[in-house]
Amino acid sequence: MKALLLATALLAPAVFTATASAAVTPPSPSGPAPVGFTRTTLTDQQRSEPLAGDTGPRRVPIRVWYPAARRATAPAAVLTPVEQAELAGGVGLEPSALDGLGSAATAAAPAAPGRHAVLLLSPGLGESTALQSAHASDLASHGYVVVGIDVAGETYALDLGDGETVPVRITEASAESIALRTRDLRFVLGKLESLRGVGRLDLDRIGAFGHSNGGATAADALLVERRIRAGVNTDGGIYGPVFERVPSGS
């Protein structure tokens with residue numbers, strides 16, 4: 001129920017700013033580069049996460065927005081059909097209302113030349129990184145590769161690639177759930193070199209950011225992961241070891 005209410009709160013503003021055809025259309029990116037998009041699910045054979053209902057191996061889905069050399073033909077499908085139907089249905093919309101959600105990027109566009117800094121994007125409680133497509137596309141248009149990391153077992157309406165959505169087990173933030181997210185983020189960090197089709201990544205310039213639970217995750221990851229050079233916590237709480245490092249009254 002909490003995840004459903006969250007989805008409603010996130011999507012309602014988009015509905016009010018929709019076009020006459022009732023399709024969500026994000027603003028055009030403000031940077032000079034066209035934006036490409038791809039997604040995949042990475043598998044951590046060494047880990048399970050019982051808190052998320054995992055019996056292992058842990059599957060970590062990512063959505064990637066990147067600067068492109070030119071636009072491709074098809075708009076980015078940031079949602080699978082089952083994700084789109086479930087998200088739209090949860091707020092009383094037809095699935096077609098979300099058709100334009102990824103339109104700021106195109107699918108499988110050729111990557112821009114050069115090396116690009118990486119931004120790891122962690123979403124809020126129950127959120128899909130697909131709902132942050134406008135932000136991710138805008139950053140990618142300015143030369144960043146944005147890697148959105150969804151949380152299987154927490155993210156509402158999440159398809160890992162098998163045509164079904166993952167049951168939601170985590171419905172509130174805790175030190176344990178943020179630590180789980182950080183483990184996912186660090187696993188993805190270790191797999192960045194294996195990503196294909198998104199251009200050359202500058203692994204000496206890696207940042208992490210997110211909203212709400214995603215911001216808390218960025219703060220937690222920055223504390224324990226030296227490869228992350230900078231982080232932004234947007235309106236997120238502080239949990240676990242980070243809490244002990246924040247000065248009183250901050």
# chains A, B, ... in the order shown; residues from 1 in each chain; ligands from 1
>>> select_by_dssp(residues="region 14-209 of chain A", states="helix (DSSP H, G or I)", output="JSON, numbers by chain")
{"A": [14, 15, 16, 50, 51, 52, 81, 82, 83, 84, 85, 86, 87, 88, 89, 90, 95, 96, 97, 98, 129, 130, 131, 132, 133, 134, 135, 136, 137, 138, 139, 140, 141, 175, 176, 177, 178, 179, 180, 181, 182, 183, 184, 185, 186, 187, 188, 189, 190, 191, 192, 193, 194]}
>>> write_last_selection(atoms="N, CA and C atoms", output="compact mmCIF listing (two decimals), in the first residue's frame")
# COMPACT_ATOMS: atom_id res chain seq x y z
N ALA A 14 2.89 14.63 -12.98
CA ALA A 14 3.11 14.40 -14.40
C ALA A 14 1.79 14.40 -15.16
N VAL A 15 0.73 13.89 -14.53
CA VAL A 15 -0.56 13.85 -15.18
C VAL A 15 -1.06 15.27 -15.45
N PHE A 16 -0.88 16.18 -14.51
CA PHE A 16 -1.36 17.54 -14.67
C PHE A 16 -0.59 18.28 -15.75
N PRO A 50 17.74 -11.82 2.10
CA PRO A 50 16.47 -12.27 2.71
C PRO A 50 15.52 -11.14 3.04
N LEU A 51 16.04 -9.97 3.41
CA LEU A 51 15.18 -8.84 3.73
C LEU A 51 14.29 -8.47 2.55
N ALA A 52 14.79 -8.67 1.33
CA ALA A 52 14.05 -8.35 0.13
C ALA A 52 13.31 -9.55 -0.44
N PRO A 81 6.35 -3.54 -20.78
CA PRO A 81 4.88 -3.49 -20.80
C PRO A 81 4.24 -3.81 -19.46
N VAL A 82 4.79 -4.78 -18.74
CA VAL A 82 4.17 -5.15 -17.45
C VAL A 82 4.42 -4.06 -16.41
N GLU A 83 5.59 -3.43 -16.43
CA GLU A 83 5.85 -2.32 -15.53
C GLU A 83 4.91 -1.15 -15.82
N GLN A 84 4.78 -0.85 -17.09
CA GLN A 84 3.94 0.28 -17.49
C GLN A 84 2.49 0.07 -17.10
N ALA A 85 1.99 -1.13 -17.34
CA ALA A 85 0.59 -1.43 -17.00
C ALA A 85 0.36 -1.34 -15.50
N GLU A 86 1.31 -1.84 -14.71
CA GLU A 86 1.13 -1.85 -13.26
C GLU A 86 1.25 -0.45 -12.67
N LEU A 87 2.22 0.33 -13.14
CA LEU A 87 2.37 1.70 -12.64
C LEU A 87 1.16 2.55 -13.01
N ALA A 88 0.74 2.47 -14.26
CA ALA A 88 -0.40 3.28 -14.69
C ALA A 88 -1.68 2.84 -13.99
N GLY A 89 -1.88 1.53 -13.91
CA GLY A 89 -3.09 1.03 -13.25
C GLY A 89 -3.16 1.41 -11.79
N GLY A 90 -2.00 1.52 -11.14
CA GLY A 90 -1.96 1.87 -9.73
C GLY A 90 -2.46 3.27 -9.44
N PRO A 95 -2.45 2.35 -19.56
CA PRO A 95 -1.00 2.21 -19.77
C PRO A 95 -0.44 3.19 -20.79
N SER A 96 -1.24 3.54 -21.80
CA SER A 96 -0.76 4.45 -22.85
C SER A 96 -0.41 5.84 -22.32
N ALA A 97 -0.91 6.18 -21.13
CA ALA A 97 -0.61 7.49 -20.55
C ALA A 97 0.87 7.65 -20.25
N LEU A 98 1.60 6.54 -20.12
CA LEU A 98 3.03 6.59 -19.81
C LEU A 98 3.89 6.32 -21.04
N THR A 129 13.51 3.93 -11.03
CA THR A 129 14.36 4.96 -11.63
C THR A 129 13.78 5.44 -12.96
N ALA A 130 12.87 4.67 -13.55
CA ALA A 130 12.22 5.12 -14.78
C ALA A 130 11.47 6.43 -14.55
N LEU A 131 10.97 6.65 -13.33
CA LEU A 131 10.23 7.87 -13.04
C LEU A 131 11.15 9.08 -12.93
N GLN A 132 12.46 8.86 -12.96
CA GLN A 132 13.42 9.96 -12.93
C GLN A 132 14.10 10.12 -14.29
N SER A 133 13.41 9.67 -15.33
CA SER A 133 13.97 9.72 -16.68
C SER A 133 14.33 11.13 -17.10
N ALA A 134 13.51 12.12 -16.75
CA ALA A 134 13.79 13.49 -17.17
C ALA A 134 15.09 13.99 -16.56
N HIS A 135 15.28 13.73 -15.25
CA HIS A 135 16.51 14.16 -14.59
C HIS A 135 17.72 13.43 -15.17
N ALA A 136 17.59 12.12 -15.35
CA ALA A 136 18.71 11.33 -15.85
C ALA A 136 19.07 11.75 -17.28
N SER A 137 18.07 11.98 -18.11
CA SER A 137 18.33 12.38 -19.49
C SER A 137 19.00 13.74 -19.55
N ASP A 138 18.57 14.66 -18.69
CA ASP A 138 19.19 15.98 -18.69
C ASP A 138 20.66 15.90 -18.31
N LEU A 139 20.97 15.12 -17.29
CA LEU A 139 22.37 14.96 -16.89
C LEU A 139 23.19 14.30 -18.00
N ALA A 140 22.62 13.29 -18.65
CA ALA A 140 23.32 12.62 -19.74
C ALA A 140 23.58 13.58 -20.89
N SER A 141 22.66 14.50 -21.14
CA SER A 141 22.85 15.46 -22.23
C SER A 141 24.03 16.41 -21.97
N ALA A 175 18.04 1.17 8.75
CA ALA A 175 19.48 1.03 8.53
C ALA A 175 19.77 -0.21 7.70
N GLU A 176 18.99 -1.27 7.93
CA GLU A 176 19.21 -2.53 7.21
C GLU A 176 18.85 -2.39 5.72
N SER A 177 17.73 -1.71 5.43
CA SER A 177 17.34 -1.58 4.02
C SER A 177 18.28 -0.66 3.26
N ILE A 178 18.78 0.38 3.91
CA ILE A 178 19.75 1.26 3.25
C ILE A 178 21.06 0.52 3.02
N ALA A 179 21.48 -0.30 3.98
CA ALA A 179 22.70 -1.09 3.80
C ALA A 179 22.56 -2.06 2.63
N LEU A 180 21.36 -2.64 2.46
CA LEU A 180 21.10 -3.53 1.32
C LEU A 180 21.27 -2.76 0.01
N ARG A 181 20.68 -1.56 -0.04
CA ARG A 181 20.81 -0.73 -1.23
C ARG A 181 22.27 -0.42 -1.53
N THR A 182 23.04 -0.14 -0.49
CA THR A 182 24.46 0.16 -0.69
C THR A 182 25.19 -1.05 -1.24
N ARG A 183 24.84 -2.24 -0.77
CA ARG A 183 25.48 -3.45 -1.32
C ARG A 183 25.15 -3.59 -2.80
N ASP A 184 23.91 -3.31 -3.20
CA ASP A 184 23.55 -3.33 -4.62
C ASP A 184 24.38 -2.32 -5.39
N LEU A 185 24.48 -1.11 -4.85
CA LEU A 185 25.21 -0.04 -5.53
C LEU A 185 26.68 -0.41 -5.71
N ARG A 186 27.29 -0.96 -4.68
CA ARG A 186 28.71 -1.32 -4.77
C ARG A 186 28.92 -2.47 -5.76
N PHE A 187 27.95 -3.38 -5.84
CA PHE A 187 28.04 -4.45 -6.82
C PHE A 187 28.01 -3.88 -8.23
N VAL A 188 27.08 -2.96 -8.49
CA VAL A 188 27.01 -2.33 -9.80
C VAL A 188 28.29 -1.56 -10.11
N LEU A 189 28.82 -0.89 -9.12
CA LEU A 189 30.07 -0.16 -9.28
C LEU A 189 31.18 -1.08 -9.78
N GLY A 190 31.22 -2.28 -9.25
CA GLY A 190 32.23 -3.23 -9.67
C GLY A 190 32.00 -3.82 -11.06
N LYS A 191 30.81 -3.60 -11.61
CA LYS A 191 30.47 -4.15 -12.93
C LYS A 191 30.45 -3.09 -14.02
N LEU A 192 30.80 -1.85 -13.70
CA LEU A 192 30.70 -0.78 -14.69
C LEU A 192 31.53 -1.06 -15.94
N GLU A 193 32.70 -1.65 -15.75
CA GLU A 193 33.57 -1.92 -16.90
C GLU A 193 32.97 -2.93 -17.86
N SER A 194 31.99 -3.71 -17.40
CA SER A 194 31.38 -4.72 -18.27
C SER A 194 30.24 -4.17 -19.11
>>> select_by_dssp(residues="region 194-234 of chain A", states="strand (DSSP E or B)", output="PyMOL selection string")
chain A and resi 200-211+230-234
>>> write_last_selection(atoms="C-alpha atoms", output="tab-separated table (two decimals), in the first residue's frame")
chain	number	residue	atom	x	y	z
A	200	ARG	CA	33.85	4.90	-22.43
A	201	LEU	CA	33.44	5.42	-18.71
A	202	ASP	CA	35.82	7.55	-16.68
A	203	LEU	CA	36.05	5.40	-13.56
A	204	ASP	CA	38.16	8.04	-11.81
A	205	ARG	CA	35.10	10.32	-11.79
A	206	ILE	CA	32.20	8.54	-10.12
A	207	GLY	CA	29.45	10.18	-8.08
A	208	ALA	CA	26.26	8.98	-6.41
A	209	PHE	CA	22.99	10.80	-5.86
A	210	GLY	CA	19.37	10.18	-5.08
A	211	HIS	CA	16.14	11.42	-3.56
A	230	ALA	CA	31.16	12.85	-4.52
A	231	GLY	CA	27.57	12.36	-3.42
A	232	VAL	CA	24.29	14.27	-3.18
A	233	ASN	CA	21.53	13.43	-0.69
A	234	THR	CA	18.33	15.17	-1.82
>>> atom_distance(atom1="CA of Gly199 (chain A)", atom2="CA of Asp99 (chain A)")
26.6 Å
>>> residues_around(residues="Trp65 (chain A)", least_positions_apart="6", cutoff="8 Å", atoms="only C-alpha atoms", output="PyMOL selection string")
chain A and resi 35-38+105+136-137+140+145-147+198
>>> closest_residue(among="A:Pro61, A:Gly215, A:Pro29, A:Gly124", to="Leu42 (chain A)", atoms="only C-alpha atoms")
A:Pro61
>>> closest_residue(among="A:Ala111, A:Ala74, A:Ala68, A:Leu79", to="Arg196 (chain A)", atoms="only C-alpha atoms")
A:Ala111
>>> closest_residue(among="A:Leu93, A:Gly56, A:Tyr66, A:Thr43", to="Ala23 (chain A)", atoms="only C-alpha atoms")
A:Leu93
>>> atom_distance(atom1="CA of Gly236 (chain A)", atom2="CA of Pro123 (chain A)")
10.4 Å
>>> atom_distance(atom1="CA of Ala108 (chain A)", atom2="CA of Gly197 (chain A)")
7.3 Å
>>> decode(residues="region 100-133 of chain A", atoms="N, CA and C atoms", output="mmCIF file, in the first residue's frame")
data_model
loop_
_atom_site.group_PDB
_atom_site.id
_atom_site.type_symbol
_atom_site.label_atom_id
_atom_site.label_comp_id
_atom_site.auth_asym_id
_atom_site.auth_seq_id
_atom_site.Cartn_x
_atom_site.Cartn_y
_atom_site.Cartn_z
ATOM 1 N N GLY A 100 5.102 8.190 -23.273
ATOM 2 C CA GLY A 100 6.162 9.155 -23.560
ATOM 3 C C GLY A 100 7.181 9.335 -22.462
ATOM 4 N N LEU A 101 7.134 8.497 -21.422
ATOM 5 C CA LEU A 101 7.986 8.711 -20.253
ATOM 6 C C LEU A 101 9.472 8.754 -20.591
ATOM 7 N N GLY A 102 9.895 7.956 -21.544
ATOM 8 C CA GLY A 102 11.313 7.909 -21.899
ATOM 9 C C GLY A 102 11.673 8.690 -23.143
ATOM 10 N N SER A 103 10.792 9.566 -23.611
ATOM 11 C CA SER A 103 10.968 10.198 -24.915
ATOM 12 C C SER A 103 12.113 11.191 -24.996
ATOM 13 N N ALA A 104 12.704 11.566 -23.868
ATOM 14 C CA ALA A 104 13.867 12.461 -23.911
ATOM 15 C C ALA A 104 15.124 11.739 -24.397
ATOM 16 N N ALA A 105 15.066 10.408 -24.473
ATOM 17 C CA ALA A 105 16.205 9.601 -24.937
ATOM 18 C C ALA A 105 15.736 8.663 -26.036
ATOM 19 N N THR A 106 16.693 8.090 -26.759
ATOM 20 C CA THR A 106 16.358 7.074 -27.754
ATOM 21 C C THR A 106 17.081 5.770 -27.426
ATOM 22 N N ALA A 107 16.486 4.681 -27.846
ATOM 23 C CA ALA A 107 16.992 3.355 -27.495
ATOM 24 C C ALA A 107 18.215 2.987 -28.316
ATOM 25 N N ALA A 108 19.251 2.518 -27.624
ATOM 26 C CA ALA A 108 20.444 1.976 -28.283
ATOM 27 C C ALA A 108 21.097 2.955 -29.262
ATOM 28 N N ALA A 109 21.063 4.237 -28.945
ATOM 29 C CA ALA A 109 21.742 5.228 -29.788
ATOM 30 C C ALA A 109 23.253 5.014 -29.699
ATOM 31 N N PRO A 110 23.997 5.314 -30.766
ATOM 32 C CA PRO A 110 25.458 5.164 -30.707
ATOM 33 C C PRO A 110 26.052 6.126 -29.681
ATOM 34 N N ALA A 111 26.948 5.617 -28.863
ATOM 35 C CA ALA A 111 27.523 6.421 -27.783
ATOM 36 C C ALA A 111 28.423 7.519 -28.328
ATOM 37 N N ALA A 112 28.453 8.640 -27.631
ATOM 38 C CA ALA A 112 29.330 9.749 -27.997
ATOM 39 C C ALA A 112 30.786 9.359 -27.744
ATOM 40 N N PRO A 113 31.716 9.914 -28.507
ATOM 41 C CA PRO A 113 33.137 9.631 -28.260
ATOM 42 C C PRO A 113 33.614 10.288 -26.973
ATOM 43 N N GLY A 114 34.797 9.872 -26.533
ATOM 44 C CA GLY A 114 35.379 10.440 -25.329
ATOM 45 C C GLY A 114 35.021 9.637 -24.089
ATOM 46 N N ARG A 115 35.612 10.040 -22.963
ATOM 47 C CA ARG A 115 35.353 9.396 -21.677
ATOM 48 C C ARG A 115 34.382 10.242 -20.875
ATOM 49 N N HIS A 116 33.501 9.556 -20.154
ATOM 50 C CA HIS A 116 32.425 10.267 -19.470
ATOM 51 C C HIS A 116 32.345 9.855 -18.003
ATOM 52 N N ALA A 117 32.195 10.855 -17.146
ATOM 53 C CA ALA A 117 32.012 10.594 -15.722
ATOM 54 C C ALA A 117 30.711 9.834 -15.503
ATOM 55 N N VAL A 118 30.662 9.101 -14.395
ATOM 56 C CA VAL A 118 29.526 8.231 -14.087
ATOM 57 C C VAL A 118 28.793 8.758 -12.855
ATOM 58 N N LEU A 119 27.466 8.797 -12.935
ATOM 59 C CA LEU A 119 26.623 9.133 -11.794
ATOM 60 C C LEU A 119 25.716 7.961 -11.481
ATOM 61 N N LEU A 120 25.823 7.434 -10.264
ATOM 62 C CA LEU A 120 24.978 6.328 -9.827
ATOM 63 C C LEU A 120 23.725 6.911 -9.195
ATOM 64 N N LEU A 121 22.569 6.552 -9.732
ATOM 65 C CA LEU A 121 21.292 7.104 -9.298
ATOM 66 C C LEU A 121 20.531 6.079 -8.462
ATOM 67 N N SER A 122 20.199 6.459 -7.229
ATOM 68 C CA SER A 122 19.425 5.587 -6.346
ATOM 69 C C SER A 122 18.063 6.229 -6.098
ATOM 70 N N PRO A 123 16.966 5.493 -6.291
ATOM 71 C CA PRO A 123 15.630 6.088 -6.200
ATOM 72 C C PRO A 123 15.101 6.124 -4.775
ATOM 73 N N GLY A 124 13.969 6.807 -4.594
ATOM 74 C CA GLY A 124 13.311 6.864 -3.300
ATOM 75 C C GLY A 124 12.601 5.562 -2.962
ATOM 76 N N LEU A 125 12.040 5.493 -1.790
ATOM 77 C CA LEU A 125 11.351 4.292 -1.310
ATOM 78 C C LEU A 125 10.274 3.862 -2.300
ATOM 79 N N GLY A 126 10.394 2.652 -2.814
ATOM 80 C CA GLY A 126 9.407 2.105 -3.720
ATOM 81 C C GLY A 126 9.456 2.631 -5.139
ATOM 82 N N GLU A 127 10.257 3.650 -5.390
ATOM 83 C CA GLU A 127 10.285 4.290 -6.707
ATOM 84 C C GLU A 127 11.049 3.464 -7.738
ATOM 85 N N SER A 128 10.647 3.625 -8.982
ATOM 86 C CA SER A 128 11.412 3.121 -10.115
ATOM 87 C C SER A 128 12.291 4.239 -10.643
ATOM 88 N N THR A 129 13.507 3.933 -11.033
ATOM 89 C CA THR A 129 14.357 4.957 -11.633
ATOM 90 C C THR A 129 13.781 5.444 -12.961
ATOM 91 N N ALA A 130 12.875 4.675 -13.546
ATOM 92 C CA ALA A 130 12.220 5.125 -14.776
ATOM 93 C C ALA A 130 11.474 6.428 -14.554
ATOM 94 N N LEU A 131 10.969 6.645 -13.333
ATOM 95 C CA LEU A 131 10.232 7.867 -13.035
ATOM 96 C C LEU A 131 11.149 9.082 -12.928
ATOM 97 N N GLN A 132 12.457 8.857 -12.962
ATOM 98 C CA GLN A 132 13.418 9.958 -12.931
ATOM 99 C C GLN A 132 14.102 10.125 -14.289
ATOM 100 N N SER A 133 13.406 9.673 -15.326
ATOM 101 C CA SER A 133 13.970 9.723 -16.676
ATOM 102 C C SER A 133 14.333 11.131 -17.103
#
